[in-house]
file data-v3.pdb (PDB, C-alpha atoms and all ligand atoms)
ATOM      1  CA  MET A 258      -3.934  17.038   1.121  1.00  0.00           C
ATOM      2  CA  ALA A 259      -2.186  18.616  -1.844  1.00  0.00           C
ATOM      3  CA  ARG A 260      -4.456  19.743  -4.641  1.00  0.00           C
ATOM      4  CA  THR A 261      -3.600  18.423  -8.051  1.00  0.00           C
ATOM      5  CA  VAL A 262      -4.626  19.567 -11.478  1.00  0.00           C
ATOM      6  CA  SER A 263      -7.950  18.348 -12.843  1.00  0.00           C
ATOM      7  CA  TRP A 264      -7.006  16.101 -15.687  1.00  0.00           C
ATOM      8  CA  PRO A 265      -9.040  16.417 -18.871  1.00  0.00           C
ATOM      9  CA  GLY A 266      -8.205  12.870 -19.962  1.00  0.00           C
ATOM     10  CA  LEU A 267      -5.891  13.642 -22.853  1.00  0.00           C
ATOM     11  CA  GLY A 268      -3.264  11.227 -24.132  1.00  0.00           C
ATOM     12  CA  ASP A 269       0.366  12.361 -23.995  1.00  0.00           C
ATOM     13  CA  GLU A 270       0.580  13.494 -27.634  1.00  0.00           C
ATOM     14  CA  GLU A 271      -2.834  15.136 -27.367  1.00  0.00           C
ATOM     15  CA  LEU A 272      -1.752  17.144 -24.344  1.00  0.00           C
ATOM     16  CA  LEU A 273       1.515  18.177 -26.027  1.00  0.00           C
ATOM     17  CA  ILE A 274      -0.310  19.275 -29.169  1.00  0.00           C
ATOM     18  CA  ALA A 275      -2.964  21.082 -27.117  1.00  0.00           C
ATOM     19  CA  VAL A 276      -0.249  23.051 -25.284  1.00  0.00           C
ATOM     20  CA  ALA A 277       1.757  23.671 -28.475  1.00  0.00           C
ATOM     21  CA  ASN A 278      -1.241  25.006 -30.388  1.00  0.00           C
ATOM     22  CA  THR A 279      -2.406  27.582 -27.856  1.00  0.00           C
ATOM     23  CA  ALA A 280      -1.282  30.454 -30.041  1.00  0.00           C
ATOM     24  CA  HIS A 281      -1.775  31.244 -33.681  1.00  0.00           C
ATOM     25  CA  GLY A 282      -1.745  34.682 -35.229  1.00  0.00           C
ATOM     26  CA  GLU A 283      -2.933  37.249 -32.718  1.00  0.00           C
ATOM     27  CA  ARG A 284      -4.614  34.838 -30.332  1.00  0.00           C
ATOM     28  CA  ASP A 285      -2.746  33.530 -27.275  1.00  0.00           C
ATOM     29  CA  GLU A 286      -4.624  31.247 -24.904  1.00  0.00           C
ATOM     30  CA  LEU A 287      -1.697  31.388 -22.496  1.00  0.00           C
ATOM     31  CA  ALA A 288      -1.748  35.169 -22.210  1.00  0.00           C
ATOM     32  CA  ASP A 289      -2.640  35.212 -18.506  1.00  0.00           C
ATOM     33  CA  SER A 290      -4.148  33.215 -15.665  1.00  0.00           C
ATOM     34  CA  ALA A 291      -7.761  33.732 -16.792  1.00  0.00           C
ATOM     35  CA  SER A 292      -7.069  32.661 -20.370  1.00  0.00           C
ATOM     36  CA  VAL A 293      -5.160  29.569 -19.175  1.00  0.00           C
ATOM     37  CA  ARG A 294      -8.169  28.612 -17.026  1.00  0.00           C
ATOM     38  CA  ALA A 295     -10.593  29.145 -19.905  1.00  0.00           C
ATOM     39  CA  TRP A 296      -8.401  27.145 -22.302  1.00  0.00           C
ATOM     40  CA  TRP A 297      -7.976  24.278 -19.831  1.00  0.00           C
ATOM     41  CA  HIS A 298     -11.701  24.212 -19.136  1.00  0.00           C
ATOM     42  CA  GLY A 299     -12.334  24.199 -22.900  1.00  0.00           C
ATOM     43  CA  LEU A 300     -10.237  21.045 -23.216  1.00  0.00           C
ATOM     44  CA  GLY A 301     -12.796  19.236 -21.111  1.00  0.00           C
ATOM     45  CA  ALA A 302     -11.375  19.718 -17.633  1.00  0.00           C
ATOM     46  CA  PRO A 303     -13.948  20.158 -14.893  1.00  0.00           C
ATOM     47  CA  ALA A 304     -14.710  23.763 -13.984  1.00  0.00           C
ATOM     48  CA  PRO A 305     -12.006  25.043 -11.640  1.00  0.00           C
ATOM     49  CA  THR A 306     -13.102  25.563  -8.065  1.00  0.00           C
ATOM     50  CA  GLN A 307     -13.057  29.034  -6.600  1.00  0.00           C
ATOM     51  CA  ASP A 308     -10.278  28.471  -4.096  1.00  0.00           C
ATOM     52  CA  GLY A 309      -7.734  27.073  -6.489  1.00  0.00           C
ATOM     53  CA  SER A 310      -6.704  26.891 -10.103  1.00  0.00           C
ATOM     54  CA  SER A 311      -5.246  30.344 -10.377  1.00  0.00           C
ATOM     55  CA  ALA A 312      -1.873  30.708 -12.039  1.00  0.00           C
ATOM     56  CA  ALA A 313       0.933  33.072 -11.104  1.00  0.00           C
ATOM     57  CA  PRO A 314       2.349  35.145 -13.984  1.00  0.00           C
ATOM     58  CA  GLU A 315       5.736  33.380 -13.720  1.00  0.00           C
ATOM     59  CA  SER A 316       4.112  29.944 -14.009  1.00  0.00           C
ATOM     60  CA  VAL A 317       2.072  31.096 -17.018  1.00  0.00           C
ATOM     61  CA  ALA A 318       5.375  32.272 -18.551  1.00  0.00           C
ATOM     62  CA  MET A 319       6.783  28.831 -17.786  1.00  0.00           C
ATOM     63  CA  LEU A 320       3.916  27.168 -19.642  1.00  0.00           C
ATOM     64  CA  ARG A 321       4.571  29.473 -22.615  1.00  0.00           C
ATOM     65  CA  ALA A 322       8.256  28.456 -22.543  1.00  0.00           C
ATOM     66  CA  LEU A 323       7.139  24.834 -22.546  1.00  0.00           C
ATOM     67  CA  ARG A 324       4.982  25.578 -25.579  1.00  0.00           C
ATOM     68  CA  GLY A 325       8.082  26.935 -27.327  1.00  0.00           C
ATOM     69  CA  LEU A 326      10.032  23.829 -26.370  1.00  0.00           C
ATOM     70  CA  ILE A 327       7.388  21.448 -27.756  1.00  0.00           C
ATOM     71  CA  ARG A 328       7.211  23.470 -30.980  1.00  0.00           C
ATOM     72  CA  GLY A 329      11.007  23.418 -31.248  1.00  0.00           C
ATOM     73  CA  LEU A 330      11.264  19.669 -30.769  1.00  0.00           C
ATOM     74  CA  ALA A 331       8.422  19.146 -33.247  1.00  0.00           C
ATOM     75  CA  LEU A 332      10.214  21.442 -35.712  1.00  0.00           C
ATOM     76  CA  ARG A 333      13.304  19.265 -35.351  1.00  0.00           C
ATOM     77  CA  ASN A 334      11.066  16.341 -36.384  1.00  0.00           C
ATOM     78  CA  ASN A 335      10.334  18.391 -39.514  1.00  0.00           C
ATOM     79  CA  GLY A 336      13.996  18.714 -40.473  1.00  0.00           C
ATOM     80  CA  ILE A 337      14.688  22.187 -39.061  1.00  0.00           C
ATOM     81  CA  GLU A 338      17.048  22.650 -36.129  1.00  0.00           C
ATOM     82  CA  PRO A 339      15.234  24.823 -33.587  1.00  0.00           C
ATOM     83  CA  ASP A 340      16.424  27.580 -31.293  1.00  0.00           C
ATOM     84  CA  LEU A 341      15.718  26.182 -27.828  1.00  0.00           C
ATOM     85  CA  SER A 342      17.311  29.036 -25.883  1.00  0.00           C
ATOM     86  CA  GLY A 343      13.913  30.112 -24.485  1.00  0.00           C
ATOM     87  CA  SER A 344      13.585  26.872 -22.532  1.00  0.00           C
ATOM     88  CA  ALA A 345      15.868  28.228 -19.775  1.00  0.00           C
ATOM     89  CA  GLU A 346      12.690  29.688 -18.243  1.00  0.00           C
ATOM     90  CA  LEU A 347      11.749  26.118 -17.362  1.00  0.00           C
ATOM     91  CA  ASP A 348      14.629  25.902 -14.896  1.00  0.00           C
ATOM     92  CA  GLY A 349      12.249  27.187 -12.225  1.00  0.00           C
ATOM     93  CA  LEU A 350       9.857  24.283 -12.684  1.00  0.00           C
ATOM     94  CA  ALA A 351      10.325  22.054  -9.642  1.00  0.00           C
ATOM     95  CA  VAL A 352       8.854  18.591 -10.085  1.00  0.00           C
ATOM     96  CA  ARG A 353       8.829  15.463  -8.003  1.00  0.00           C
ATOM     97  CA  LEU A 354       7.968  11.855  -8.640  1.00  0.00           C
ATOM     98  CA  ASP A 355       4.285  11.073  -8.461  1.00  0.00           C
ATOM     99  CA  LEU A 356       3.877   7.430  -7.488  1.00  0.00           C
ATOM    100  CA  ARG A 357       0.134   7.368  -6.880  1.00  0.00           C
ATOM    101  CA  GLY A 358      -0.394   5.512 -10.145  1.00  0.00           C
ATOM    102  CA  ALA A 359       2.014   4.775 -12.965  1.00  0.00           C
ATOM    103  CA  PRO A 360       5.216   6.680 -12.080  1.00  0.00           C
ATOM    104  CA  SER A 361       4.922  10.235 -13.349  1.00  0.00           C
ATOM    105  CA  LEU A 362       5.822  13.794 -12.354  1.00  0.00           C
ATOM    106  CA  ARG A 363       3.901  16.441 -10.507  1.00  0.00           C
ATOM    107  CA  ALA A 364       4.661  19.985  -9.440  1.00  0.00           C
ATOM    108  CA  ASP A 365       6.644  20.121  -6.226  1.00  0.00           C
ATOM    109  CA  GLU A 366       4.119  22.638  -4.914  1.00  0.00           C
ATOM    110  CA  PRO A 367       0.766  21.742  -6.498  1.00  0.00           C
ATOM    111  CA  GLY A 368      -2.160  24.142  -6.666  1.00  0.00           C
ATOM    112  CA  ASP A 369      -1.031  26.601  -9.330  1.00  0.00           C
ATOM    113  CA  LEU A 370      -2.851  25.610 -12.510  1.00  0.00           C
ATOM    114  CA  ALA A 371      -0.133  26.583 -15.004  1.00  0.00           C
ATOM    115  CA  ARG A 372       2.557  24.935 -12.877  1.00  0.00           C
ATOM    116  CA  ASP A 373       0.483  21.748 -12.543  1.00  0.00           C
ATOM    117  CA  ILE A 374      -0.152  21.651 -16.287  1.00  0.00           C
ATOM    118  CA  SER A 375       3.568  22.275 -16.898  1.00  0.00           C
ATOM    119  CA  ALA A 376       4.555  19.313 -14.709  1.00  0.00           C
ATOM    120  CA  ALA A 377       2.000  17.069 -16.430  1.00  0.00           C
ATOM    121  CA  THR A 378       3.229  18.281 -19.824  1.00  0.00           C
ATOM    122  CA  VAL A 379       6.889  17.595 -19.007  1.00  0.00           C
ATOM    123  CA  ALA A 380       5.935  14.048 -17.942  1.00  0.00           C
ATOM    124  CA  ALA A 381       3.968  13.623 -21.188  1.00  0.00           C
ATOM    125  CA  LEU A 382       6.949  14.968 -23.163  1.00  0.00           C
ATOM    126  CA  LEU A 383       9.338  12.450 -21.599  1.00  0.00           C
ATOM    127  CA  ARG A 384       6.981   9.564 -22.365  1.00  0.00           C
ATOM    128  CA  ALA A 385       6.003  10.717 -25.860  1.00  0.00           C
ATOM    129  CA  THR A 386       9.554  11.406 -27.087  1.00  0.00           C
ATOM    130  CA  ALA A 387      10.560   7.870 -26.050  1.00  0.00           C
ATOM    131  CA  ARG A 388       7.906   6.303 -28.300  1.00  0.00           C
ATOM    132  CA  PRO A 389       8.508   5.215 -31.907  1.00  0.00           C
ATOM    133  CA  GLY A 390       5.715   7.504 -33.160  1.00  0.00           C
ATOM    134  CA  TRP A 391       7.382  10.702 -31.889  1.00  0.00           C
ATOM    135  CA  PRO A 392       9.111  11.684 -35.186  1.00  0.00           C
ATOM    136  CA  ARG A 393       5.645  12.068 -36.712  1.00  0.00           C
ATOM    137  CA  VAL A 394       4.764  14.881 -34.310  1.00  0.00           C
ATOM    138  CA  LYS A 395       5.856  17.884 -36.385  1.00  0.00           C
ATOM    139  CA  ALA A 396       5.669  21.656 -36.297  1.00  0.00           C
ATOM    140  CA  CYS A 397       4.637  23.352 -39.541  1.00  0.00           C
ATOM    141  CA  ARG A 398       7.529  24.896 -41.466  1.00  0.00           C
ATOM    142  CA  GLY A 399       5.732  28.213 -41.835  1.00  0.00           C
ATOM    143  CA  ASP A 400       7.821  30.830 -39.984  1.00  0.00           C
ATOM    144  CA  ASP A 401       4.667  32.557 -38.775  1.00  0.00           C
ATOM    145  CA  CYS A 402       2.822  29.298 -38.142  1.00  0.00           C
ATOM    146  CA  ARG A 403       4.561  26.465 -36.245  1.00  0.00           C
ATOM    147  CA  TRP A 404       1.242  24.655 -35.820  1.00  0.00           C
ATOM    148  CA  VAL A 405       1.949  21.201 -34.406  1.00  0.00           C
ATOM    149  CA  PHE A 406       0.328  18.207 -36.078  1.00  0.00           C
ATOM    150  CA  VAL A 407       0.745  14.448 -36.379  1.00  0.00           C
ATOM    151  CA  ASP A 408       2.038  13.469 -39.815  1.00  0.00           C
ATOM    152  CA  GLY A 409      -0.148  10.547 -40.843  1.00  0.00           C
ATOM    153  CA  SER A 410       1.280  10.258 -44.359  1.00  0.00           C
ATOM    154  CA  ARG A 411       2.572   6.877 -45.436  1.00  0.00           C
ATOM    155  CA  ASN A 412       6.204   7.942 -45.849  1.00  0.00           C
ATOM    156  CA  SER A 413       6.153  10.617 -43.135  1.00  0.00           C
ATOM    157  CA  SER A 414       6.762  13.354 -45.720  1.00  0.00           C
ATOM    158  CA  ARG A 415       4.320  16.029 -44.591  1.00  0.00           C
ATOM    159  CA  ARG A 416       5.978  19.415 -43.978  1.00  0.00           C
ATOM    160  CA  TRP A 417       3.110  21.892 -43.623  1.00  0.00           C
ATOM    161  CA  CYS A 418      -0.062  22.129 -41.612  1.00  0.00           C
ATOM    162  CA  ALA A 419      -3.462  22.050 -43.290  1.00  0.00           C
ATOM    163  CA  MET A 420      -4.260  25.740 -42.857  1.00  0.00           C
ATOM    164  CA  ALA A 421      -5.021  27.678 -46.026  1.00  0.00           C
ATOM    165  CA  ASN A 422      -1.871  29.860 -46.023  1.00  0.00           C
ATOM    166  CA  CYS A 423       0.468  26.972 -45.368  1.00  0.00           C
ATOM    167  CA  GLY A 424      -1.378  24.710 -47.800  1.00  0.00           C
ATOM    168  CA  ASN A 425      -0.781  27.294 -50.539  1.00  0.00           C
ATOM    169  CA  ARG A 426       2.883  27.633 -49.608  1.00  0.00           C
ATOM    170  CA  ALA A 427       3.206  23.853 -49.736  1.00  0.00           C
ATOM    171  CA  LYS A 428       1.682  23.887 -53.239  1.00  0.00           C
ATOM    172  CA  MET A 429       4.143  26.589 -54.327  1.00  0.00           C
ATOM    173  CA  VAL A 430       7.066  24.517 -53.069  1.00  0.00           C
ATOM    174  CA  THR A 431       5.760  21.452 -54.912  1.00  0.00           C
ATOM    175  CA  PHE A 432       5.284  23.580 -58.047  1.00  0.00           C
ATOM    176  CA  ARG A 433       8.877  24.867 -57.876  1.00  0.00           C
ATOM    177  CA  ASP A 434      10.207  21.357 -57.296  1.00  0.00           C
ATOM    178  CA  ARG A 435       8.316  20.087 -60.338  1.00  0.00           C
ATOM    179  CA  HIS A 436       9.552  23.048 -62.383  1.00  0.00           C
ATOM    180  CA  ARG A 437      13.144  22.381 -61.409  1.00  0.00           C
ATOM    181  CA  ALA A 438      12.982  18.781 -62.587  1.00  0.00           C
ATOM    182  CA  THR A 439      13.437  19.127 -66.333  1.00  0.00           C
ATOM    183  CA  PRO A 440      11.261  16.810 -68.434  1.00  0.00           C
ATOM    184  CA  GLY A 441      12.866  13.579 -69.469  1.00  0.00           C
ATOM    185  CA  ARG A 442      15.526  13.730 -66.778  1.00  0.00           C
ATOM    186  CA  HIS A 443      15.410  10.653 -64.656  1.00  0.00           C
ATOM    187  CA  PRO A 444      15.979  11.226 -60.951  1.00  0.00           C
ATOM    188  CA  GLY A 445      19.178   9.412 -60.040  1.00  0.00           C
TER     189      GLY A 445
HETATM  190 ZN    ZN B 501       1.212  26.015 -40.998  1.00  0.00          ZN
END
call {"tool": "encode", "arguments": {"input": "data-v3.pdb", "output": "structure tokens"}}
result
Amino acid sequence: MARTVSWPGLGDEELLIAVANTAHGERDELADSASVRAWWHGLGAPAPTQDGSSAAPESVAMLRALRGLIRGLALRNNGIEPDLSGSAELDGLAVRLDLRGAPSLRADEPGDLARDISAATVAALLRATARPGWPRVKACRGDDCRWVFVDGSRNSSRRWCAMANCGNRAKMVTFRDRHRATPGRHPG
């Protein structure tokens, strides 16, 4: 019986955002097999058993490429055309239809944690991008940030994440915009 990844019960967007936000600043939760396991466990997945749940370096690299892809697509939702050239690393991800429940995808050879998470994430990506709410999943415009968030603003106008640095940058942009608009001039 093929082992499959322990599912922490995240919705599609939640999983995508969890994968996308595994690195910020110096920290990278997808640095290696051990950090992937710790991160996945931290999401609420059951503790991995001893015999399984390891991740080969190439499948961890694949998961990192997937993180870049999600960030890129979320950046596109924020009005910036991304560089998706790094997603070629995903060519090695072999998936097959999983028909045990609602049709989905699973790794062709289950048992490698990062590969299993990658397959689940690709399936989540296909479902999430087909939904009307997808354009609200955005990556922060900060070059050194790219934090992925759901824009809950009424007119879907949020550009930056809520972190202090980006919040200040957002204020600066707003300040410049206000400064540019000369008093008395009516827009349009
Ligand atoms: Zn940010």
call {"tool": "residues_near_ligand", "arguments": {"input": "data-v3.pdb", "ligand": "ligand ZN 501 (chain B)", "cutoff": "7 Å", "atoms": "all atoms listed in the file", "output": "ChimeraX atom specification"}}
result
/A:397-399,402-404,417-420,423
call {"tool": "atom_distance", "arguments": {"input": "data-v3.pdb", "atom1": "atom CA of Arg384 of chain A", "atom2": "atom CA of Leu326 of chain A"}}
result
15.1 Å
call {"tool": "atom_distance", "arguments": {"input": "data-v3.pdb", "atom1": "atom CA of Asp365 of chain A", "atom2": "atom CA of Leu350 of chain A"}}
result
8.3 Å
call {"tool": "residues_around", "arguments": {"input": "data-v3.pdb", "residues": "Val352 of chain A", "least_positions_apart": "5", "cutoff": "9 Å", "atoms": "only C-alpha atoms", "output": "tab-separated table (two decimals) with C-alpha atoms, keeping the file's coordinate frame"}}
result
chain	number	residue	atom	x	y	z
A	362	LEU	CA	5.82	13.79	-12.35
A	363	ARG	CA	3.90	16.44	-10.51
A	364	ALA	CA	4.66	19.98	-9.44
A	365	ASP	CA	6.64	20.12	-6.23
A	366	GLU	CA	4.12	22.64	-4.91
A	376	ALA	CA	4.56	19.31	-14.71
call {"tool": "resolve_selection", "arguments": {"input": "data-v3.pdb", "expression": "the PyMOL selection byres (((chain A and resi 275) around 10) and not hetatm)", "output": "NGL selection string"}}
result
:A and (267 or 269-274 or 276-280 or 296-297 or 300 or 324 or 378 or 405-406)
call {"tool": "resolve_selection", "arguments": {"input": "data-v3.pdb", "expression": "the PyMOL selection byres (((chain A and resi 335) around 10) and not hetatm)", "output": "ChimeraX atom specification"}}
result
/A:329-334,336-338,392-398,408,413-417
call {"tool": "closest_residue", "arguments": {"input": "data-v3.pdb", "among": "A:Ala377, A:Ala351, A:Met319, A:Ala291", "to": "Pro265 of chain A", "atoms": "only C-alpha atoms"}}
result
A:Ala377
call {"tool": "axis_aligned_box", "arguments": {"input": "data-v3.pdb", "around": "segment 418-432 of chain A", "padding_each_side": "6 Å", "output": "JSON"}}
result
{"center_x": 1.0, "center_y": 25.7, "center_z": -49.8, "size_x": 24.1, "size_y": 20.4, "size_z": 28.4}
call {"tool": "atom_distance", "arguments": {"input": "data-v3.pdb", "atom1": "atom CA of Val430 of chain A", "atom2": "atom CA of Ser410 of chain A"}}
result
17.7 Å
call {"tool": "resolve_selection", "arguments": {"input": "data-v3.pdb", "expression": "the PyMOL selection byres (((chain A and resi 313) around 10) and not hetatm)", "output": "PyMOL selection string"}}
result
chain A and resi 289-290+310-312+314-319+369-372
call {"tool": "closest_residue", "arguments": {"input": "data-v3.pdb", "among": "A:Leu354, A:Gly368, A:Thr386, A:Ala381", "to": "Gly268 of chain A", "atoms": "all atoms listed in the file"}}
result
A:Ala381
call {"tool": "closest_residue", "arguments": {"input": "data-v3.pdb", "among": "A:Ala288, A:Arg433, A:Pro339, A:Ala427", "to": "Gly325 of chain A", "atoms": "all atoms listed in the file"}}
result
A:Pro339
